[in-house]
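Data from query20.txt: compact mmCIF, C-alpha atoms and all ligand atoms
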```
# COMPACT_ATOMS: atom_id res chain seq x y z
CA MET A 278 0.00 0.00 0.00
CA SER A 279 1.32 3.45 -0.86
CA ILE A 280 2.08 5.93 1.92
CA ILE A 281 -0.91 8.01 3.07
CA THR A 282 -0.06 11.72 3.32
CA THR A 283 -3.27 13.49 2.28
CA ILE A 284 -7.04 13.17 2.58
CA GLU A 285 -7.05 12.45 -1.16
CA ASP A 286 -4.88 9.35 -0.54
CA LEU A 287 -7.53 8.12 1.92
CA ARG A 288 -10.28 8.76 -0.63
CA VAL A 289 -8.50 6.72 -3.30
CA LEU A 290 -7.98 3.81 -0.91
CA ALA A 291 -11.60 3.98 0.34
CA LYS A 292 -12.82 3.82 -3.25
CA ARG A 293 -10.92 0.53 -3.67
CA ARG A 294 -12.15 -1.01 -0.41
CA VAL A 295 -15.77 0.12 0.07
CA PRO A 296 -18.62 -1.39 -2.01
CA ARG A 297 -19.61 0.97 -4.78
CA MET A 298 -23.07 1.86 -3.46
CA PHE A 299 -21.68 3.05 -0.12
CA TYR A 300 -18.65 4.79 -1.59
CA ASP A 301 -20.98 6.60 -4.03
CA TYR A 302 -23.36 7.46 -1.18
CA ALA A 303 -20.53 9.37 0.52
CA ASP A 304 -18.81 10.85 -2.52
CA ALA A 305 -21.84 12.51 -4.10
CA GLY A 306 -23.92 15.66 -4.06
CA SER A 307 -27.45 16.32 -5.24
CA TRP A 308 -28.46 16.84 -8.89
CA THR A 309 -25.60 18.49 -10.87
CA GLU A 310 -23.32 18.48 -7.78
CA SER A 311 -22.46 22.16 -8.42
CA THR A 312 -22.75 23.07 -4.72
CA TYR A 313 -20.81 19.96 -3.73
CA ARG A 314 -17.94 21.08 -5.99
CA ALA A 315 -18.17 24.78 -4.99
CA ASN A 316 -17.76 23.82 -1.32
CA GLU A 317 -14.23 22.64 -2.15
CA THR A 318 -13.18 25.01 -4.93
CA ASP A 319 -14.21 28.19 -3.08
CA PHE A 320 -11.80 27.29 -0.29
CA ALA A 321 -8.89 27.10 -2.73
CA ALA A 322 -9.46 30.70 -3.87
CA ILE A 323 -8.78 32.12 -0.38
CA LYS A 324 -5.09 33.04 -0.05
CA PHE A 325 -2.90 33.46 3.01
CA ARG A 326 -0.44 36.20 4.00
CA GLN A 327 2.90 34.52 4.64
CA ARG A 328 4.86 35.96 7.58
CA VAL A 329 8.49 35.25 8.53
CA ALA A 330 10.91 35.63 11.43
CA VAL A 331 8.28 35.56 14.17
CA ASN A 332 8.62 33.34 17.24
CA LEU A 333 6.94 30.01 16.45
CA VAL A 334 8.01 28.07 19.55
CA ASP A 335 5.30 26.27 21.61
CA ARG A 336 2.31 26.36 19.31
CA SER A 337 -1.20 25.43 20.48
CA LEU A 338 -4.24 24.18 18.58
CA LYS A 339 -6.40 23.89 21.70
CA SER A 340 -9.69 25.73 21.64
CA THR A 341 -13.33 25.38 22.70
CA MET A 342 -16.56 24.56 20.88
CA ILE A 343 -19.77 25.43 22.78
CA GLY A 344 -17.59 25.89 25.84
CA GLN A 345 -16.16 22.36 25.67
CA GLU A 346 -12.39 21.97 25.37
CA VAL A 347 -11.16 20.48 22.10
CA ALA A 348 -7.62 19.46 21.08
CA MET A 349 -8.29 21.37 17.84
CA PRO A 350 -11.51 23.04 16.68
CA VAL A 351 -12.46 20.24 14.27
CA ALA A 352 -15.39 17.89 15.00
CA LEU A 353 -16.58 14.81 13.10
CA ALA A 354 -19.83 15.68 11.30
CA PRO A 355 -22.92 13.49 11.69
CA THR A 356 -23.12 11.09 8.76
CA GLY A 357 -25.78 8.47 8.11
CA LEU A 358 -24.90 4.82 7.43
CA THR A 359 -21.33 5.25 8.67
CA GLY A 360 -21.36 1.61 9.79
CA MET A 361 -21.67 0.67 6.12
CA GLN A 362 -18.40 2.40 5.12
CA HIS A 363 -16.73 -0.06 7.50
CA ALA A 364 -18.21 -2.58 9.97
CA ASP A 365 -18.92 -0.89 13.36
CA GLY A 366 -17.98 2.43 11.71
CA GLU A 367 -19.57 4.79 14.25
CA ILE A 368 -17.85 3.09 17.19
CA LEU A 369 -14.47 3.15 15.41
CA ALA A 370 -14.79 6.81 14.41
CA ALA A 371 -15.95 7.83 17.90
CA ARG A 372 -12.94 6.07 19.41
CA ALA A 373 -10.49 7.77 17.03
CA ALA A 374 -12.04 11.17 17.79
CA GLU A 375 -11.91 10.50 21.52
CA LYS A 376 -8.21 9.55 21.40
CA ILE A 377 -7.29 12.73 19.51
CA GLY A 378 -9.58 14.89 21.64
CA VAL A 379 -12.19 16.19 19.20
CA PRO A 380 -16.01 15.82 19.28
CA PHE A 381 -17.74 12.97 17.47
CA THR A 382 -21.34 13.53 16.33
CA LEU A 383 -23.58 10.47 15.99
CA SER A 384 -26.28 10.71 13.31
CA THR A 385 -29.92 9.75 13.86
CA MET A 386 -29.38 7.55 10.77
CA SER A 387 -26.39 5.69 12.20
CA ILE A 388 -25.91 1.94 12.06
CA CYS A 389 -24.55 1.63 15.63
CA SER A 390 -27.10 2.85 18.19
CA ILE A 391 -26.66 5.65 20.75
CA GLU A 392 -26.42 3.08 23.55
CA ASP A 393 -23.93 0.94 21.65
CA VAL A 394 -21.57 3.88 20.97
CA ALA A 395 -21.91 5.08 24.58
CA ALA A 396 -21.02 1.61 25.90
CA ARG A 397 -17.89 1.44 23.74
CA THR A 398 -16.46 4.93 24.35
CA THR A 399 -15.40 6.71 27.52
CA LYS A 400 -16.12 10.39 26.78
CA PRO A 401 -19.45 12.04 25.93
CA PHE A 402 -20.20 12.44 22.22
CA TRP A 403 -22.71 14.69 20.45
CA PHE A 404 -26.00 13.44 19.01
CA GLN A 405 -27.56 14.73 15.78
CA LEU A 406 -31.34 14.79 15.56
CA TYR A 407 -33.54 14.72 12.47
CA VAL A 408 -37.12 15.75 13.08
CA MET A 409 -39.46 12.93 12.07
CA LYS A 410 -43.24 13.05 11.91
CA ASP A 411 -43.44 10.45 14.69
CA ARG A 412 -42.95 12.88 17.62
CA ASP A 413 -43.14 10.08 20.20
CA PHE A 414 -40.12 8.54 18.56
CA ILE A 415 -38.31 11.93 18.65
CA GLU A 416 -39.09 12.34 22.35
CA ARG A 417 -37.66 8.94 23.07
CA LEU A 418 -34.57 9.64 20.94
CA ILE A 419 -33.92 12.84 22.89
CA ASP A 420 -34.35 10.97 26.15
CA ARG A 421 -32.02 8.21 24.97
CA ALA A 422 -29.36 10.80 24.04
CA LYS A 423 -29.73 12.32 27.52
CA ALA A 424 -29.47 8.91 29.19
CA ALA A 425 -26.31 8.21 27.16
CA GLN A 426 -24.91 11.53 28.49
CA CYS A 427 -24.42 13.09 25.08
CA SER A 428 -22.99 16.56 25.71
CA ALA A 429 -24.68 18.40 22.82
CA LEU A 430 -27.68 17.97 20.55
CA VAL A 431 -27.07 18.92 16.91
CA LEU A 432 -30.48 19.65 15.40
CA THR A 433 -30.44 19.40 11.59
CA LEU A 434 -33.01 21.65 9.92
CA ASP A 435 -32.11 21.31 6.23
CA LEU A 436 -33.65 17.91 5.53
CA GLN A 437 -37.40 18.45 5.61
CA VAL A 438 -37.38 17.03 2.10
CA LEU A 439 -34.62 14.93 0.56
CA GLY A 440 -32.34 16.25 -2.23
CA GLN A 441 -32.15 13.82 -5.13
CA ARG A 442 -28.85 12.00 -5.50
CA HIS A 443 -28.74 10.22 -8.82
CA LYS A 444 -26.11 7.65 -7.90
CA ASP A 445 -28.08 6.42 -4.87
CA ILE A 446 -31.16 5.87 -7.00
CA ARG A 447 -29.19 4.00 -9.67
CA ASN A 448 -27.36 1.89 -7.08
CA GLY A 449 -30.62 1.00 -5.26
CA MET A 450 -28.99 2.17 -2.01
CA THR A 451 -30.18 0.24 1.07
CA ALA A 452 -28.55 -1.02 4.27
CA PRO A 453 -27.72 -3.88 4.16
CA PRO A 454 -27.25 -3.82 0.36
CA LYS A 455 -29.85 -5.48 -1.87
CA LEU A 456 -28.33 -8.56 -3.38
CA THR A 457 -28.88 -7.72 -7.03
CA ILE A 458 -26.45 -9.25 -9.54
CA PRO A 459 -24.41 -6.01 -10.08
CA ASN A 460 -24.22 -5.46 -6.30
CA MET A 461 -23.12 -9.04 -5.68
CA MET A 462 -20.45 -8.78 -8.37
CA ASN A 463 -19.17 -5.57 -6.79
CA LEU A 464 -19.23 -7.06 -3.25
CA ALA A 465 -17.15 -9.99 -4.50
CA THR A 466 -14.32 -7.52 -5.21
CA LYS A 467 -14.37 -6.19 -1.59
CA PRO A 468 -13.47 -9.28 0.54
CA ARG A 469 -12.05 -7.28 3.48
CA TRP A 470 -15.26 -5.22 3.80
CA CYS A 471 -17.44 -8.38 3.51
CA LEU A 472 -15.47 -10.31 6.15
CA ASN A 473 -15.68 -7.47 8.66
CA MET A 474 -19.38 -7.04 7.94
CA LEU A 475 -20.07 -10.76 8.42
CA ARG A 476 -18.38 -10.58 11.83
CA THR A 477 -20.59 -7.78 13.18
CA PRO A 478 -24.27 -7.90 14.15
CA ARG A 479 -24.57 -4.15 13.38
CA ARG A 480 -26.06 -3.99 9.89
CA HIS A 481 -29.15 -1.80 10.07
CA PHE A 482 -30.23 1.57 11.49
CA GLY A 483 -29.51 0.98 15.18
CA ASN A 484 -31.39 4.03 16.49
CA ILE A 485 -34.58 3.14 14.66
CA VAL A 486 -35.15 -0.60 14.29
CA GLY A 487 -36.90 -1.87 17.42
CA HIS A 488 -37.51 1.72 18.66
CA ALA A 489 -39.95 3.22 16.17
CA LYS A 490 -43.49 1.93 15.99
CA SER A 491 -44.11 -0.40 13.04
CA VAL A 492 -40.43 -0.77 12.16
CA SER A 493 -39.14 -4.20 12.91
CA ASP A 494 -37.09 -5.07 9.85
CA MET A 495 -35.41 -3.56 6.83
CA SER A 496 -38.37 -3.78 4.48
CA SER A 497 -40.63 -1.76 6.81
CA LEU A 498 -37.69 0.57 7.56
CA SER A 499 -37.13 1.89 4.04
CA SER A 500 -40.77 2.91 3.64
CA TRP A 501 -40.78 4.40 7.17
CA THR A 502 -37.73 6.63 6.61
CA SER A 503 -38.82 7.89 3.21
CA GLN A 504 -42.14 8.97 4.72
CA GLN A 505 -40.86 10.20 8.07
CA PHE A 506 -38.80 13.34 7.32
CA ASP A 507 -41.17 16.14 8.28
CA PRO A 508 -42.00 18.83 5.67
CA ALA A 509 -44.06 20.66 8.34
CA LEU A 510 -41.06 21.29 10.63
CA SER A 511 -41.09 24.83 12.10
CA TRP A 512 -39.28 27.06 14.65
CA LYS A 513 -42.01 26.04 17.14
CA ASP A 514 -40.59 22.51 16.96
CA VAL A 515 -37.12 23.90 17.64
CA GLU A 516 -38.45 25.51 20.82
CA TRP A 517 -40.13 22.27 21.87
CA ILE A 518 -36.97 20.23 21.21
CA LYS A 519 -34.79 22.76 23.04
CA ASN A 520 -36.99 22.53 26.13
CA ARG A 521 -37.21 18.75 26.08
CA TRP A 522 -33.41 18.44 25.63
CA GLY A 523 -32.38 21.08 28.17
CA GLY A 524 -28.66 20.92 27.29
CA LYS A 525 -26.32 22.50 24.71
CA LEU A 526 -28.09 22.94 21.39
CA ILE A 527 -26.42 23.40 17.98
CA ILE A 528 -28.58 24.15 14.93
CA LYS A 529 -27.27 22.70 11.66
CA GLY A 530 -28.02 23.68 8.08
CA ILE A 531 -28.02 27.50 8.16
CA MET A 532 -27.13 29.32 4.91
CA ASP A 533 -29.13 32.54 5.21
CA ASN A 534 -28.65 35.61 7.44
CA GLU A 535 -32.36 35.71 8.27
CA ASP A 536 -32.33 32.07 9.42
CA ALA A 537 -29.18 32.83 11.42
CA ARG A 538 -31.10 35.59 13.27
CA LEU A 539 -33.91 33.12 13.99
CA CYS A 540 -31.30 30.76 15.47
CA VAL A 541 -30.23 33.54 17.83
CA GLU A 542 -33.87 34.12 18.82
CA SER A 543 -34.31 30.38 19.44
CA GLY A 544 -31.68 30.55 22.19
CA ALA A 545 -29.44 27.90 20.59
CA ASP A 546 -25.80 27.83 21.71
CA ALA A 547 -24.34 27.59 18.20
CA LEU A 548 -25.31 27.33 14.55
CA ILE A 549 -23.58 25.46 11.76
CA VAL A 550 -23.27 27.19 8.40
CA SER A 551 -23.87 24.15 6.22
CA ASN A 552 -25.47 23.10 2.95
CA HIS A 553 -25.31 19.44 4.02
CA GLY A 554 -22.14 18.90 2.03
CA GLY A 555 -23.89 19.86 -1.23
CA ARG A 556 -26.39 17.01 -0.81
CA GLN A 557 -29.59 19.06 -0.51
CA LEU A 558 -30.11 22.36 -2.43
CA ASP A 559 -27.95 22.10 -5.52
CA GLY A 560 -27.23 25.65 -6.71
CA ALA A 561 -26.89 26.99 -3.16
CA GLN A 562 -23.79 29.03 -2.36
CA SER A 563 -20.76 27.23 -0.91
CA SER A 564 -20.64 27.11 2.90
CA ILE A 565 -17.36 29.04 3.03
CA GLY A 566 -18.97 31.67 0.75
CA ALA A 567 -21.91 32.08 3.16
CA LEU A 568 -19.80 32.09 6.33
CA PRO A 569 -18.49 35.71 6.46
CA GLY A 570 -21.96 37.25 5.94
CA ILE A 571 -23.48 35.11 8.70
CA VAL A 572 -20.60 35.89 11.06
CA ASP A 573 -21.07 39.61 10.40
CA ALA A 574 -24.84 39.30 10.97
CA VAL A 575 -24.90 37.25 14.20
CA GLY A 576 -21.33 36.35 15.21
CA LYS A 577 -21.44 38.44 18.37
CA GLN A 578 -24.65 36.81 19.60
CA ILE A 579 -24.13 33.11 18.86
CA GLU A 580 -21.20 30.80 18.23
CA VAL A 581 -20.83 30.16 14.51
CA HIS A 582 -19.52 26.81 13.22
CA MET A 583 -19.28 25.63 9.62
CA ASP A 584 -18.90 22.52 7.48
CA GLY A 585 -18.68 21.60 3.81
CA GLY A 586 -15.67 21.11 1.58
CA ILE A 587 -12.92 20.99 4.18
CA ARG A 588 -10.21 18.71 2.81
CA SER A 589 -7.11 19.96 4.65
CA GLY A 590 -5.84 21.84 7.66
CA GLN A 591 -5.44 24.85 5.36
CA ASP A 592 -9.21 24.81 4.79
CA VAL A 593 -9.81 24.57 8.56
CA ILE A 594 -7.73 27.69 9.20
CA ARG A 595 -9.42 29.56 6.34
CA ALA A 596 -12.80 28.92 7.99
CA LEU A 597 -11.48 29.95 11.42
CA ALA A 598 -10.03 33.12 9.88
CA LEU A 599 -13.47 33.99 8.49
CA GLY A 600 -15.01 33.73 11.93
CA ALA A 601 -15.91 30.08 12.58
CA GLN A 602 -15.30 29.03 16.18
CA GLY A 603 -15.03 25.43 14.96
CA VAL A 604 -15.57 23.28 11.89
CA TYR A 605 -16.80 19.77 11.06
CA ILE A 606 -15.49 17.25 8.55
CA GLY A 607 -17.76 14.69 6.89
CA ARG A 608 -16.28 12.94 3.87
CA PRO A 609 -12.63 13.19 4.96
CA PHE A 610 -13.24 10.98 7.99
CA LEU A 611 -15.53 8.65 6.02
CA TYR A 612 -12.72 8.12 3.50
CA GLY A 613 -10.35 7.36 6.38
CA LEU A 614 -12.85 4.91 7.83
CA GLY A 615 -13.48 3.14 4.54
CA ALA A 616 -9.76 2.98 3.83
CA MET A 617 -8.46 1.69 7.17
CA GLY A 618 -11.16 1.62 9.87
CA GLU A 619 -10.29 3.33 13.16
CA ALA A 620 -6.65 3.81 12.10
CA GLY A 621 -7.86 5.60 8.98
CA VAL A 622 -10.00 8.07 10.95
CA ALA A 623 -7.05 8.70 13.25
CA ARG A 624 -4.82 9.22 10.20
CA CYS A 625 -7.34 11.70 8.75
CA LEU A 626 -7.35 13.72 11.96
CA GLU A 627 -3.55 13.62 12.23
CA ILE A 628 -3.15 14.86 8.65
CA ILE A 629 -5.52 17.75 9.32
CA ARG A 630 -3.90 18.55 12.68
CA ASN A 631 -0.42 18.67 11.15
CA GLU A 632 -1.51 20.84 8.20
CA LEU A 633 -3.39 23.17 10.54
CA ASP A 634 -0.39 23.56 12.83
CA LEU A 635 2.11 24.26 10.04
CA THR A 636 -0.18 26.62 8.15
CA MET A 637 -0.81 28.59 11.33
CA ALA A 638 2.97 28.84 11.80
CA PHE A 639 3.56 30.01 8.21
CA CYS A 640 0.98 32.74 8.87
CA GLY A 641 3.06 33.82 11.87
CA LEU A 642 0.80 32.62 14.72
CA ARG A 643 1.35 30.28 17.66
CA ASP A 644 -2.17 29.97 19.05
CA VAL A 645 -5.16 28.88 16.98
CA ARG A 646 -7.42 31.14 19.08
CA GLN A 647 -5.62 34.17 17.61
CA VAL A 648 -6.54 33.29 14.02
CA ASP A 649 -8.62 36.00 12.35
CA ARG A 650 -9.07 37.71 8.97
CA HIS A 651 -5.62 39.33 9.23
CA ILE A 652 -3.98 36.09 8.09
CA LEU A 653 -5.88 36.24 4.76
CA LEU A 654 -4.94 38.23 1.67
CA PRO A 655 -7.55 40.98 1.22
CA GLY A 656 -9.59 40.60 -1.95
CA THR A 657 -9.36 36.79 -1.95
CA TYR A 658 -12.34 36.16 0.34
C1 LIG B 1 -22.47 10.20 3.55
C2 LIG B 1 -23.02 11.39 4.28
C3 LIG B 1 -24.08 11.22 5.14
C4 LIG B 1 -24.59 12.32 5.86
N1 LIG B 1 -25.59 12.12 6.77
C5 LIG B 1 -25.98 13.16 7.55
C6 LIG B 1 -26.87 12.93 8.62
O1 LIG B 1 -27.31 11.82 8.88
N2 LIG B 1 -27.25 14.01 9.36
C7 LIG B 1 -26.77 15.28 9.11
O2 LIG B 1 -27.14 16.22 9.80
N3 LIG B 1 -25.89 15.50 8.11
C8 LIG B 1 -25.47 14.48 7.34
N4 LIG B 1 -24.54 14.69 6.36
C9 LIG B 1 -23.95 16.03 6.19
C10 LIG B 1 -22.71 16.19 7.07
O3 LIG B 1 -23.07 16.27 8.43
C11 LIG B 1 -21.92 17.46 6.72
O4 LIG B 1 -22.80 18.55 6.69
C12 LIG B 1 -21.19 17.36 5.39
O5 LIG B 1 -20.69 16.07 5.19
C13 LIG B 1 -20.04 18.36 5.37
O6 LIG B 1 -19.40 18.36 4.16
P1 LIG B 1 -18.04 17.53 3.84
O7 LIG B 1 -18.45 16.11 3.65
O8 LIG B 1 -17.58 18.16 2.57
O9 LIG B 1 -17.09 17.72 4.99
C14 LIG B 1 -24.03 13.61 5.64
C15 LIG B 1 -22.97 13.77 4.75
C16 LIG B 1 -22.45 12.67 4.07
C17 LIG B 1 -21.28 12.87 3.14
```
Starting from the file, lay out its structure as structure tokens.
Amino acid sequence: MSIITTIEDLRVLAKRRVPRMFYDYADAGSWTESTYRANETDFAAIKFRQRVAVNLVDRSLKSTMIGQEVAMPVALAPTGLTGMQHADGEILAARAAEKIGVPFTLSTMSICSIEDVAARTTKPFWFQLYVMKDRDFIERLIDRAKAAQCSALVLTLDLQVLGQRHKDIRNGMTAPPKLTIPNMMNLATKPRWCLNMLRTPRRHFGNIVGHAKSVSDMSSLSSWTSQQFDPALSWKDVEWIKNRWGGKLIIKGIMDNEDARLCVESGADALIVSNHGGRQLDGAQSSIGALPGIVDAVGKQIEVHMDGGIRSGQDVIRALALGAQGVYIGRPFLYGLGAMGEAGVARCLEIIRNELDLTMAFCGLRDVRQVDRHILLPGTY
């Protein structure tokens, strides 16, 4: 195996090791994928000011997100079906995050359940909530996250309806995979993935099966999920969820200044500038493009986080410079997971940590908390 030095190396290896339908599920955006691409390319346009001959001894990447200490301000984003990129994926990713000292966010649509991840980790993780029509189920999910001592609830608001992803439709994406002839032929080329998957009992949506009314197996599950995302979701629901949860609340999926102001009014602790990694509204602005305007509008009243398109430590520092208190990575850690399991997620975080540290130094800073717009070349953002 060639030496892994970049997130791109992890992506290439994941593509070889993960069955096509799950690799495609991660590496795709909605419709023309223009927003998915813009998330990455808009980062590259932002240039740094290089500084020299400043003291760079004893550098620190430590910071806080929603008041919690982090080894660097980079969290793992909630991603559905992570346990299909690699057997037991959520547990492995949570462990890698815990060892490095960054937050892990478990998706509602995870394969490993809240209780399972809690039993196999030692530090609190964050839980991401989708609002489903079945409000009893949502109440119980919130209560389960509390019982598991999750230290923040990440409430995703940008999936009232589902953006169309062509590859998923063509691949007939389900978990576990449907055994059609093309899928079986593809699985036959991924022996390592198959062996690991045969060894684990965790092969369907752990937070849902056995917990939601009328979902007992995979066939009832697929119809349940497609009907359950709630198009009637409103800010009244946010208030209700905030009260029921009672802990730190982060609102995810904000791309508009007006919505950012409504987040402030809701009393949330933070918002995430996010277009869901280009998987929902194709044609929306990139997240890094939307970030400065939202920071200017509400940055003094609420903590602003962002995700979408981060593929290096350079991208992390660009987002911090434009006012994000912290960022999240989705695909980079999924590539690491698909490539090498827990070691791959750890490698992903190490690559990003190293790039972040060196880039900060080249910009003439020793403490990540001092990063601001001064490190960027005016006119490039
Ligand atoms: C495969 C995949 C599954 C995702 N599932 C969820 C999810 O269950 N809940 C959620 O709030 N966001 C989900 N997202 C969006 C991520 O949380 C995040 O916003 C996005 O991945 C950030 O962009 P990046 O992948 O370019 O880092 C998913 C993203 C991917 C790639």
| For Val572 (chain A), which residue out of A:Met298, A:Ile343, A:Met532, A:Ile527 is the nearest one, using only C-alpha atoms? |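 Residue with the minimum atom-to-atom distance to Val572 (chain A): A:Met532.
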Given only C-alpha atoms and all ligand atoms, how would the per-residue table for chain A near ligand LIG 1 (chain B) read, listing every residue at most 7 Å away with its closest atom pair and distance in Å to one decimal, sorted by chain and number, as JSON lines?
```
{"residue": "A:Tyr302", "atom": "CA", "partner": "B:LIG1", "partner_atom": "C1", "distance": 5.5}
{"residue": "A:Ala303", "atom": "CA", "partner": "B:LIG1", "partner_atom": "C1", "distance": 3.7}
{"residue": "A:Asp304", "atom": "CA", "partner": "B:LIG1", "partner_atom": "C17", "distance": 6.5}
{"residue": "A:Asn316", "atom": "CA", "partner": "B:LIG1", "partner_atom": "O8", "distance": 6.9}
{"residue": "A:Ala354", "atom": "CA", "partner": "B:LIG1", "partner_atom": "O3", "distance": 4.4}
{"residue": "A:Pro355", "atom": "CA", "partner": "B:LIG1", "partner_atom": "O3", "distance": 4.3}
{"residue": "A:Thr356", "atom": "CA", "partner": "B:LIG1", "partner_atom": "N1", "distance": 3.3}
{"residue": "A:Gly357", "atom": "CA", "partner": "B:LIG1", "partner_atom": "O1", "distance": 3.8}
{"residue": "A:Leu358", "atom": "CA", "partner": "B:LIG1", "partner_atom": "C3", "distance": 6.8}
{"residue": "A:Ser384", "atom": "CA", "partner": "B:LIG1", "partner_atom": "O1", "distance": 4.7}
{"residue": "A:Thr385", "atom": "CA", "partner": "B:LIG1", "partner_atom": "O1", "distance": 6.0}
{"residue": "A:Met386", "atom": "CA", "partner": "B:LIG1", "partner_atom": "O1", "distance": 5.1}
{"residue": "A:Gln405", "atom": "CA", "partner": "B:LIG1", "partner_atom": "O2", "distance": 6.2}
{"residue": "A:Thr433", "atom": "CA", "partner": "B:LIG1", "partner_atom": "O2", "distance": 4.9}
{"residue": "A:Lys529", "atom": "CA", "partner": "B:LIG1", "partner_atom": "O2", "distance": 6.7}
{"residue": "A:Ser551", "atom": "CA", "partner": "B:LIG1", "partner_atom": "O4", "distance": 5.7}
{"residue": "A:Asn552", "atom": "CA", "partner": "B:LIG1", "partner_atom": "O4", "distance": 6.5}
{"residue": "A:His553", "atom": "CA", "partner": "B:LIG1", "partner_atom": "O4", "distance": 3.8}
{"residue": "A:Gly554", "atom": "CA", "partner": "B:LIG1", "partner_atom": "O6", "distance": 3.5}
{"residue": "A:Asp584", "atom": "CA", "partner": "B:LIG1", "partner_atom": "C13", "distance": 4.8}
{"residue": "A:Gly585", "atom": "CA", "partner": "B:LIG1", "partner_atom": "O6", "distance": 3.3}
{"residue": "A:Gly586", "atom": "CA", "partner": "B:LIG1", "partner_atom": "O8", "distance": 3.7}
{"residue": "A:Ile587", "atom": "CA", "partner": "B:LIG1", "partner_atom": "O9", "distance": 5.4}
{"residue": "A:Tyr605", "atom": "CA", "partner": "B:LIG1", "partner_atom": "O9", "distance": 6.4}
{"residue": "A:Ile606", "atom": "CA", "partner": "B:LIG1", "partner_atom": "O9", "distance": 3.9}
{"residue": "A:Gly607", "atom": "CA", "partner": "B:LIG1", "partner_atom": "O7", "distance": 3.6}
{"residue": "A:Arg608", "atom": "CA", "partner": "B:LIG1", "partner_atom": "O7", "distance": 3.8}
{"residue": "A:Pro609", "atom": "CA", "partner": "B:LIG1", "partner_atom": "O9", "distance": 6.4}
```
| said: I need the residue nearest Arg326 (chain A) from this list: A:Val622, A:Ala598, A:Leu548, A:Ile485. Use only C-alpha atoms for the distance. | reply: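 Using only C-alpha atoms, the shortest distance to Arg326 (chain A) belongs to A:Ala598.
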| Of the candidates A:Gly566, A:Pro401, A:Pro380, A:Gly544, which shows the shortest atom-to-atom distance to Thr312 (chain A), using all atoms listed in the file? |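 Nearest to Thr312 (chain A): A:Gly566.
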| message | Restricting the calculation to all atoms listed in the file: of A:Ile565, A:Ile446, A:Ala322, A:Ile458, which residue gets closest to Leu597 (chain A)? | response |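 Answer, going by the shortest atom-to-atom distance: A:Ile565.
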| request: Have a look at A:Asn473, A:Ser503, A:Ser307, A:Gln557 and name the one nearest to His363 (chain A); count only C-alpha atoms. | output: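 Counting only C-alpha atoms, the residue closest to His363 (chain A) is A:Asn473.
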| request: For CA of Gly440 (chain A) and CA of Asp592 (chain A), quote the distance in Å rounded to one decimal. | output: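 Interatomic distance, CA of Gly440 (chain A) to CA of Asp592 (chain A): 25.6 Å.
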| said: Could you check the closest approach to Ala623 (chain A) for each of A:Glu542, A:Glu375, A:Asp644, A:Asp286 and tell me which residue wins, using all atoms listed in the file? | reply: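 Among the listed residues, A:Glu375 lies closest to Ala623 (chain A).
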